[in-house]
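Visitor: My structure is stored as protein10.pdb, with PDB, C-alpha atoms.
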MODEL        1
ATOM      1  CA  MET A1023       1.327  11.930  -6.978
ATOM      2  CA  ALA A1024       3.167  12.910  -3.804
ATOM      3  CA  ARG A1025       4.898   9.959  -2.222
ATOM      4  CA  ARG A1026       5.970   9.103   1.260
ATOM      5  CA  PRO A1027       9.713   8.751   1.785
ATOM      6  CA  ALA A1028      11.086   5.418   0.592
ATOM      7  CA  LEU A1029      12.216   4.509   4.104
ATOM      8  CA  GLU A1030       8.677   4.787   5.439
ATOM      9  CA  LEU A1031       7.233   2.615   2.709
ATOM     10  CA  GLY A1032      10.088   0.189   3.261
ATOM     11  CA  GLU A1033       9.031  -0.132   6.894
ATOM     12  CA  LEU A1034       5.455  -0.794   5.835
ATOM     13  CA  GLU A1035       6.631  -3.371   3.309
ATOM     14  CA  SER A1036       8.499  -5.149   6.099
ATOM     15  CA  SER A1037       5.324  -5.210   8.176
ATOM     16  CA  ILE A1038       3.251  -6.522   5.278
ATOM     17  CA  GLY A1039       5.951  -9.022   4.355
ATOM     18  CA  TYR A1040       6.295  -8.068   0.707
ATOM     19  CA  ALA A1041       8.751  -5.792  -1.154
ATOM     20  CA  PHE A1042       7.222  -4.048  -4.164
ATOM     21  CA  ALA A1043       8.918  -3.743  -7.522
ATOM     22  CA  ASP A1044       6.480  -0.891  -8.255
ATOM     23  CA  ARG A1045       5.853   1.036  -5.068
ATOM     24  CA  GLU A1046       3.357   3.250  -6.871
ATOM     25  CA  LEU A1047       0.913   0.360  -6.548
ATOM     26  CA  LEU A1048       1.305   0.408  -2.771
ATOM     27  CA  THR A1049       0.916   4.190  -2.696
ATOM     28  CA  ARG A1050      -2.302   3.891  -4.675
ATOM     29  CA  ALA A1051      -3.598   1.230  -2.308
ATOM     30  CA  LEU A1052      -3.100   3.694   0.554
ATOM     31  CA  THR A1053      -4.778   6.649  -1.189
ATOM     32  CA  HIS A1054      -8.386   7.558  -0.408
ATOM     33  CA  ILE A1055     -10.349   9.411  -3.076
ATOM     34  CA  SER A1056     -10.594  12.462  -0.799
ATOM     35  CA  ALA A1057      -6.815  12.965  -1.034
ATOM     36  CA  LEU A1058      -7.029  13.777  -4.739
ATOM     37  CA  PRO A1059      -8.054  17.129  -6.263
ATOM     38  CA  GLY A1060     -11.609  17.016  -7.516
ATOM     39  CA  THR A1061     -12.134  13.498  -6.086
ATOM     40  CA  PRO A1062     -11.925  11.811  -9.524
ATOM     41  CA  ALA A1063     -14.107   8.721  -9.772
ATOM     42  CA  ASN A1064     -11.432   6.745 -11.606
ATOM     43  CA  GLY A1065      -8.289   8.449 -10.349
ATOM     44  CA  PRO A1066      -5.174   6.966  -8.681
ATOM     45  CA  HIS A1067      -6.954   5.946  -5.482
ATOM     46  CA  TYR A1068      -7.709   2.553  -3.971
ATOM     47  CA  GLN A1069     -11.302   1.906  -5.048
ATOM     48  CA  ARG A1070     -10.552  -0.239  -8.120
ATOM     49  CA  LEU A1071      -7.837  -2.064  -6.181
ATOM     50  CA  GLU A1072     -10.326  -2.751  -3.394
ATOM     51  CA  PHE A1073     -12.672  -4.390  -5.922
ATOM     52  CA  LEU A1074      -9.901  -6.672  -7.185
ATOM     53  CA  GLY A1075      -8.471  -7.425  -3.760
ATOM     54  CA  ASP A1076     -11.841  -8.552  -2.451
ATOM     55  CA  ARG A1077     -12.015 -11.190  -5.201
ATOM     56  CA  VAL A1078      -8.432 -12.366  -4.739
ATOM     57  CA  LEU A1079      -8.947 -12.641  -0.988
ATOM     58  CA  GLY A1080     -12.152 -14.625  -1.477
ATOM     59  CA  ILE A1081     -10.662 -17.260  -3.773
ATOM     60  CA  VAL A1082      -7.551 -17.738  -1.626
ATOM     61  CA  ILE A1083      -9.527 -18.066   1.623
ATOM     62  CA  ALA A1084     -12.033 -20.409  -0.046
ATOM     63  CA  ASP A1085      -9.169 -22.620  -1.217
ATOM     64  CA  LEU A1086      -7.558 -22.590   2.234
ATOM     65  CA  LEU A1087     -10.819 -23.542   3.928
ATOM     66  CA  PHE A1088     -11.527 -26.270   1.377
ATOM     67  CA  ARG A1089      -8.142 -27.872   2.068
ATOM     68  CA  THR A1090      -8.062 -27.238   5.833
ATOM     69  CA  PHE A1091     -11.531 -28.573   6.698
ATOM     70  CA  PRO A1092     -12.170 -31.571   4.395
ATOM     71  CA  ALA A1093     -15.004 -32.884   6.584
ATOM     72  CA  GLU A1094     -17.071 -29.685   6.633
ATOM     73  CA  ASN A1095     -20.052 -29.161   4.350
ATOM     74  CA  GLU A1096     -20.684 -26.223   2.035
ATOM     75  CA  GLY A1097     -22.742 -24.343   4.607
ATOM     76  CA  ASP A1098     -20.060 -24.522   7.293
ATOM     77  CA  LEU A1099     -17.352 -23.475   4.848
ATOM     78  CA  SER A1100     -19.479 -20.576   3.618
ATOM     79  CA  ARG A1101     -19.986 -19.295   7.148
ATOM     80  CA  ARG A1102     -16.281 -19.489   7.866
ATOM     81  CA  LEU A1103     -15.543 -17.687   4.607
ATOM     82  CA  ALA A1104     -18.029 -14.902   5.356
ATOM     83  CA  ASP A1105     -16.495 -14.360   8.782
ATOM     84  CA  LEU A1106     -12.916 -14.256   7.511
ATOM     85  CA  VAL A1107     -13.427 -11.905   4.564
ATOM     86  CA  ARG A1108     -15.851  -9.430   6.156
ATOM     87  CA  LYS A1109     -14.714  -5.817   6.461
ATOM     88  CA  GLU A1110     -14.160  -6.050  10.187
ATOM     89  CA  SER A1111     -11.733  -8.954   9.766
ATOM     90  CA  CYS A1112      -9.897  -7.135   6.979
ATOM     91  CA  ALA A1113      -9.686  -4.035   9.188
ATOM     92  CA  GLU A1114      -8.038  -6.099  11.927
ATOM     93  CA  ILE A1115      -5.452  -7.340   9.437
ATOM     94  CA  ALA A1116      -4.796  -3.758   8.296
ATOM     95  CA  GLU A1117      -4.250  -2.754  11.916
ATOM     96  CA  GLN A1118      -1.910  -5.723  12.311
ATOM     97  CA  TRP A1119       0.089  -4.448   9.328
ATOM     98  CA  GLY A1120       0.110  -0.927  10.796
ATOM     99  CA  VAL A1121      -1.172   0.807   7.666
ATOM    100  CA  SER A1122      -3.150   3.554   9.391
ATOM    101  CA  PRO A1123      -0.375   6.202   9.528
ATOM    102  CA  TYR A1124       0.340   5.693   5.815
ATOM    103  CA  ILE A1125      -3.209   6.235   4.535
ATOM    104  CA  ARG A1126      -3.547   9.391   2.424
ATOM    105  CA  LEU A1127      -6.727  11.363   3.179
ATOM    106  CA  GLY A1128      -8.260  14.738   2.460
ATOM    107  CA  THR A1129      -8.111  17.372   5.194
ATOM    108  CA  GLY A1130     -11.733  16.946   6.248
ATOM    109  CA  GLU A1131     -11.398  13.178   6.508
ATOM    110  CA  LYS A1132      -8.257  13.530   8.602
ATOM    111  CA  LEU A1133      -9.993  15.892  11.003
ATOM    112  CA  ALA A1134     -12.969  13.512  11.215
ATOM    113  CA  GLY A1135     -10.657  10.721  12.418
ATOM    114  CA  MET A1136     -11.417   8.596   9.378
ATOM    115  CA  ARG A1137      -7.948   7.039   9.498
ATOM    116  CA  LYS A1138      -9.096   4.784  12.342
ATOM    117  CA  LYS A1139     -12.462   3.811  10.848
ATOM    118  CA  SER A1140     -12.963   0.084  10.453
ATOM    119  CA  ALA A1141     -14.612   0.454   7.047
ATOM    120  CA  LEU A1142     -11.665   2.410   5.661
ATOM    121  CA  LEU A1143      -9.088   0.010   7.089
ATOM    122  CA  GLY A1144     -10.977  -2.928   5.600
ATOM    123  CA  ASP A1145     -10.968  -1.270   2.193
ATOM    124  CA  VAL A1146      -7.234  -0.566   2.394
ATOM    125  CA  CYS A1147      -6.507  -4.170   3.378
ATOM    126  CA  GLU A1148      -8.239  -5.400   0.219
ATOM    127  CA  ALA A1149      -6.471  -2.756  -1.865
ATOM    128  CA  VAL A1150      -3.068  -3.807  -0.513
ATOM    129  CA  ILE A1151      -3.838  -7.428  -1.405
ATOM    130  CA  ALA A1152      -4.680  -6.333  -4.950
ATOM    131  CA  SER A1153      -1.500  -4.250  -5.218
ATOM    132  CA  VAL A1154       0.587  -7.287  -4.234
ATOM    133  CA  TYR A1155      -1.338  -9.403  -6.755
ATOM    134  CA  LEU A1156      -0.650  -6.905  -9.553
ATOM    135  CA  ASP A1157       2.983  -6.426  -8.579
ATOM    136  CA  GLY A1158       4.005 -10.006  -7.859
ATOM    137  CA  GLY A1159       1.270 -12.239  -9.235
ATOM    138  CA  PHE A1160      -1.205 -14.625  -7.661
ATOM    139  CA  ASP A1161       1.368 -16.629  -5.693
ATOM    140  CA  ALA A1162       2.674 -13.495  -3.980
ATOM    141  CA  ALA A1163      -0.859 -12.482  -3.019
ATOM    142  CA  ARG A1164      -1.644 -16.006  -1.847
ATOM    143  CA  LEU A1165       1.410 -16.076   0.423
ATOM    144  CA  LEU A1166       0.482 -12.696   1.882
ATOM    145  CA  ILE A1167      -3.074 -13.840   2.607
ATOM    146  CA  GLU A1168      -1.957 -17.167   4.059
ATOM    147  CA  ARG A1169       0.501 -15.431   6.408
ATOM    148  CA  SER A1170      -1.994 -12.818   7.523
ATOM    149  CA  PHE A1171      -5.286 -14.726   7.585
ATOM    150  CA  GLY A1172      -4.020 -18.280   8.076
ATOM    151  CA  PRO A1173      -3.836 -18.132  11.892
ATOM    152  CA  ARG A1174      -7.505 -17.128  11.901
ATOM    153  CA  LEU A1175      -8.814 -20.147  10.010
ATOM    154  CA  SER A1176      -9.486 -22.377  12.992
ATOM    155  CA  ALA A1177     -10.591 -19.402  15.054
ATOM    156  CA  SER A1178     -13.129 -18.248  12.468
ATOM    157  CA  LYS A1179     -15.872 -18.262  15.109
ATOM    158  CA  ARG A1180     -16.228 -22.014  14.687
ATOM    159  CA  SER A1181     -18.505 -21.572  11.672
ATOM    160  CA  ARG A1182     -20.522 -18.945  13.553
ATOM    161  CA  ARG A1183     -23.801 -18.019  11.956
ATOM    162  CA  ASP A1184     -24.324 -14.539  10.627
ATOM    163  CA  ALA A1185     -24.598 -12.216  13.643
ATOM    164  CA  LYS A1186     -28.006 -10.882  12.618
ATOM    165  CA  SER A1187     -29.385 -14.409  12.247
ATOM    166  CA  ALA A1188     -27.834 -15.472  15.551
ATOM    167  CA  LEU A1189     -29.305 -12.460  17.343
ATOM    168  CA  GLN A1190     -32.753 -13.034  15.862
ATOM    169  CA  GLU A1191     -32.720 -16.705  16.876
ATOM    170  CA  TRP A1192     -31.607 -15.749  20.378
ATOM    171  CA  ALA A1193     -34.421 -13.203  20.712
ATOM    172  CA  MET A1194     -37.023 -15.640  19.395
ATOM    173  CA  GLY A1195     -35.735 -18.282  21.787
ATOM    174  CA  LYS A1196     -36.576 -15.923  24.640
ATOM    175  CA  GLY A1197     -40.020 -15.224  23.233
ATOM    176  CA  LEU A1198     -39.102 -11.659  22.264
ATOM    177  CA  PRO A1199     -39.994  -9.782  19.074
ATOM    178  CA  VAL A1200     -37.391  -9.848  16.321
ATOM    179  CA  PRO A1201     -34.610  -7.222  16.555
ATOM    180  CA  VAL A1202     -35.305  -3.842  14.981
ATOM    181  CA  TYR A1203     -32.513  -1.984  13.138
ATOM    182  CA  ARG A1204     -32.700   1.814  12.960
ATOM    183  CA  GLU A1205     -30.435   4.313  11.227
ATOM    184  CA  VAL A1206     -29.207   6.731  13.908
ATOM    185  CA  ARG A1207     -27.159   9.015  11.693
ATOM    186  CA  ARG A1208     -25.081   9.215   8.569
ATOM    187  CA  THR A1209     -21.720  10.968   8.488
ATOM    188  CA  GLY A1210     -18.845  11.504   6.065
ATOM    189  CA  PRO A1211     -18.831  12.775   2.480
ATOM    190  CA  ASP A1212     -21.367  11.614  -0.098
ATOM    191  CA  HIS A1213     -18.792   9.455  -1.871
ATOM    192  CA  ALA A1214     -17.816   7.640   1.342
ATOM    193  CA  PRO A1215     -20.692   7.730   3.835
ATOM    194  CA  ILE A1216     -20.517   6.115   7.252
ATOM    195  CA  PHE A1217     -23.795   4.726   8.617
ATOM    196  CA  VAL A1218     -24.516   4.394  12.338
ATOM    197  CA  ILE A1219     -27.167   1.764  13.023
ATOM    198  CA  ALA A1220     -28.826   0.880  16.334
ATOM    199  CA  VAL A1221     -30.265  -2.554  17.049
ATOM    200  CA  GLU A1222     -33.154  -2.647  19.490
ATOM    201  CA  ILE A1223     -34.664  -5.630  21.300
ATOM    202  CA  GLN A1224     -37.566  -5.302  23.684
ATOM    203  CA  GLY A1225     -36.406  -5.156  27.293
ATOM    204  CA  TYR A1226     -32.742  -4.521  26.448
ATOM    205  CA  ALA A1227     -30.660  -1.392  25.916
ATOM    206  CA  ALA A1228     -29.996  -0.646  22.265
ATOM    207  CA  ASP A1229     -26.507  -1.075  20.834
ATOM    208  CA  GLU A1230     -24.942   0.933  18.021
ATOM    209  CA  ALA A1231     -22.238   0.337  15.428
ATOM    210  CA  GLU A1232     -21.034   1.936  12.216
ATOM    211  CA  GLY A1233     -20.143   0.737   8.746
ATOM    212  CA  ALA A1234     -19.622   1.789   5.162
ATOM    213  CA  SER A1235     -23.089   0.458   4.305
ATOM    214  CA  LYS A1236     -26.280  -0.158   6.249
ATOM    215  CA  LYS A1237     -25.772  -3.908   5.919
ATOM    216  CA  ILE A1238     -22.268  -3.759   7.388
ATOM    217  CA  ALA A1239     -23.415  -1.468  10.199
ATOM    218  CA  GLU A1240     -26.371  -3.729  11.026
ATOM    219  CA  HIS A1241     -24.061  -6.765  11.207
ATOM    220  CA  ALA A1242     -21.639  -4.831  13.436
ATOM    221  CA  ALA A1243     -24.488  -3.695  15.716
ATOM    222  CA  ALA A1244     -25.750  -7.266  16.065
ATOM    223  CA  THR A1245     -22.217  -8.449  16.834
ATOM    224  CA  ALA A1246     -21.802  -5.712  19.454
ATOM    225  CA  PHE A1247     -25.110  -6.681  21.085
ATOM    226  CA  LEU A1248     -24.135 -10.349  21.236
ATOM    227  CA  LYS A1249     -20.767  -9.499  22.757
ATOM    228  CA  ARG A1250     -22.266  -7.092  25.300
ATOM    229  CA  GLU A1251     -24.798  -9.631  26.526
ATOM    230  CA  GLY A1252     -22.185 -12.393  26.674
ATOM    231  CA  ILE A1253     -24.024 -14.606  24.186
ATOM    232  CA  GLU A1254     -21.629 -14.447  21.205
ATOM    233  CA  GLU A1255     -20.110 -17.881  21.757
ATOM    234  CA  SER A1256     -23.420 -19.649  22.183
ATOM    235  CA  ALA A1257     -25.036 -17.883  19.255
TER     236      ALA A1257
ENDMDL
END
Just dump the structure as structure tokens.

Guide:
Amino acid sequence: MARRPALELGELESSIGYAFADRELLTRALTHISALPGTPANGPHYQRLEFLGDRVLGIVIADLLFRTFPAENEGDLSRRLADLVRKESCAEIAEQWGVSPYIRLGTGEKLAGMRKKSALLGDVCEAVIASVYLDGGFDAARLLIERSFGPRLSASKRSRRDAKSALQEWAMGKGLPVPVYREVRRTGPDHAPIFVIAVEIQGYAADEAEGASKKIAEHAAATAFLKREGIEESA
């Protein structure tokens, strides 16, 4: 596998806050399936790492929340957890690390601007967490997550409800029909589709958002609607 110069990966390691013993793990975490000939389902790309990283992130954040908010019940902790580990939050962490220029993509995906897509950045964040876990063990991954996600614990939308639920309750409170979610279009290759979903509420302009699945896109559209109407904090 072609590698980026050591100096470049060293700069990324400094940003992440972890020096790899096996930099091939980091390279794999930054490699999208489209960058490999024949797009092998189980090749040296980040998909398996993403699966592992999602689980490592979940257990570390759950432990942090359990210890940080001893007075909160299971429901409140679950809502905080869902907000912190969602793809959009992971994408923000990936942007904070500055991984975008290092992501390896196929030509078509580069031209489509996929490097900046929130869904892709969220996947890479989870893959990087897994690569640190495999390279340095659980404690190394835990420290990385605590440094990166820790400042967000108290700001995790104050146990905000799921955006779709919040938007539905807001609409019902105004005597409006429940929000309707509609697929506007689907882009990207078959192995990595991007869904664009519009949320519509009677009497209001629709809002759109994208995601790697319809569920993620619907959540993002609801969040965008709440933000646009200035009702996110009260929802």

Visitor: Give as a VMD selection string the residues that the PyMOL selection byres ((chain A and resi 1215-1227) around 8) matches when applied to the coordinates above.

Guide: chain A and resid 1193 1198 to 1214 1228 to 1236 1239 to 1240 1243 to 1244 1247

Visitor: Would you compute the distance between CA of Asp1044 in chain A and CA of Leu1156 in chain A? Give it in Å to one decimal.

Guide: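 A separation of 9.4 Å between them.
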
Visitor: Quick one: apply the PyMOL selection byres ((chain A and resi 1047) around 10) to the file and drop the selected residues here as a PDB file with C-alpha atoms, keeping the file's coordinate frame.

Guide:
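Writing the result to expr01.pdb gives the following:
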ATOM      1  CA  PHE A1042       7.222  -4.048  -4.164  1.00  0.00           C
ATOM      2  CA  ALA A1043       8.918  -3.743  -7.522  1.00  0.00           C
ATOM      3  CA  ASP A1044       6.480  -0.891  -8.255  1.00  0.00           C
ATOM      4  CA  ARG A1045       5.853   1.036  -5.068  1.00  0.00           C
ATOM      5  CA  GLU A1046       3.357   3.250  -6.871  1.00  0.00           C
ATOM      6  CA  LEU A1048       1.305   0.408  -2.771  1.00  0.00           C
ATOM      7  CA  THR A1049       0.916   4.190  -2.696  1.00  0.00           C
ATOM      8  CA  ARG A1050      -2.302   3.891  -4.675  1.00  0.00           C
ATOM      9  CA  ALA A1051      -3.598   1.230  -2.308  1.00  0.00           C
ATOM     10  CA  LEU A1052      -3.100   3.694   0.554  1.00  0.00           C
ATOM     11  CA  PRO A1066      -5.174   6.966  -8.681  1.00  0.00           C
ATOM     12  CA  HIS A1067      -6.954   5.946  -5.482  1.00  0.00           C
ATOM     13  CA  TYR A1068      -7.709   2.553  -3.971  1.00  0.00           C
ATOM     14  CA  LEU A1071      -7.837  -2.064  -6.181  1.00  0.00           C
ATOM     15  CA  ALA A1149      -6.471  -2.756  -1.865  1.00  0.00           C
ATOM     16  CA  VAL A1150      -3.068  -3.807  -0.513  1.00  0.00           C
ATOM     17  CA  ALA A1152      -4.680  -6.333  -4.950  1.00  0.00           C
ATOM     18  CA  SER A1153      -1.500  -4.250  -5.218  1.00  0.00           C
ATOM     19  CA  VAL A1154       0.587  -7.287  -4.234  1.00  0.00           C
ATOM     20  CA  LEU A1156      -0.650  -6.905  -9.553  1.00  0.00           C
ATOM     21  CA  ASP A1157       2.983  -6.426  -8.579  1.00  0.00           C
TER      22      ASP A1157
END

Visitor: Pull out every residue that the PyMOL selection byres ((chain A and resi 1139) around 10) matches in the shown coordinates and put them as a PyMOL selection string.

Guide: chain A and resi 1113+1122+1134-1138+1140-1144+1216+1232-1234

Visitor: To one decimal place in Å, what is the distance between CA of Gly1075 in chain A and CA of Lys1186 in chain A?

Guide: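 CA of Gly1075 in chain A sits 25.7 Å away from CA of Lys1186 in chain A.
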
Visitor: With distances taken over all atoms listed in the file, which residue among A:Trp1119, A:Glu1191, A:Gly1130, A:Lys1249 lies nearest Glu1035 in chain A?

Guide: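 Ranked by minimum distance to Glu1035 in chain A, first place goes to A:Trp1119.
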
Visitor: Kindly indicate which residue among A:Glu1251, A:Asp1184, A:Asp1085, A:Asp1161 lies nearest to Tyr1040 in chain A, using all atoms listed in the file for the distances.

Guide: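 Once distances to Tyr1040 in chain A are computed over all atoms listed in the file, the minimum belongs to A:Asp1161.
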
Visitor: My list of candidates is A:Ile1238, A:Leu1099, A:Ala1163, A:Leu1133. Which is closest to Ser1111 in chain A when distances are computed with all atoms listed in the file?

Guide: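 Looking only at the distances to Ser1111 in chain A, the closest residue turns out to be A:Ile1238.
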
Visitor: Which one is closest to Thr1090 in chain A: A:Cys1112, A:Ile1038, A:Leu1175, A:Cys1147? Count only C-alpha atoms.

Guide: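 Among the listed residues, the smallest separation from Thr1090 in chain A belongs to A:Leu1175.
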
Visitor: Smallest atom-to-atom distance to Ile1081 in chain A: which of A:Ala1093, A:Asp1098, A:Phe1160, A:Asp1105, using all atoms listed in the file?

Guide: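 Among the listed residues, A:Phe1160 lies closest to Ile1081 in chain A.
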
Visitor: Hey, could you pull the box centre and edge lengths for range 1112-1126 of chain A, axis-aligned, 4 Å padding per side, all listed atoms, to one decimal in Å, as JSON?

Guide:
{"center_x": -4.8, "center_y": 1.0, "center_z": 7.4, "size_x": 18.2, "size_y": 24.7, "size_z": 17.9}

Visitor: From the options A:Gly1039, A:Glu1168, A:Glu1033, A:Arg1250, which residue's atoms come nearest to Pro1123 in chain A, counting all atoms listed in the file?

Guide: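 The shortest atom-to-atom distance to Pro1123 in chain A comes from A:Glu1033.
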
Visitor: So how far away is CA of Arg1089 in chain A from CA of Ala1185 in chain A, in Å?

Guide: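 Atom-to-atom, CA of Ala1185 in chain A and CA of Arg1089 in chain A are spaced 25.5 Å apart.
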
Visitor: Find the spatial neighbours of Ser1100 in chain A, counting all atoms listed in the file, within a cut-off of 10 Å - ignore same-chain residues fewer than 3 positions away - and output them as an MDAnalysis selection string.

Guide: chainID A and resid 1084 1087 1094:1097 1103:1106 1181 1183

Visitor: Excluding Gly1120 in chain A and its own-chain neighbours fewer than 5 positions away, which residues fall within 9 Å of it when counting only C-alpha atoms? Please give them as a PyMOL selection string.

Guide: chain A and resi 1034+1037-1038+1115

Visitor: Could you pull out every residue with an atom within 8 Å of (-5.2, 11.9, 6.1), file coordinates, counting all atoms listed in the file, and send them as a ChimeraX atom specification?

Guide: /A:1057,1125-1129,1131-1133,1136-1137
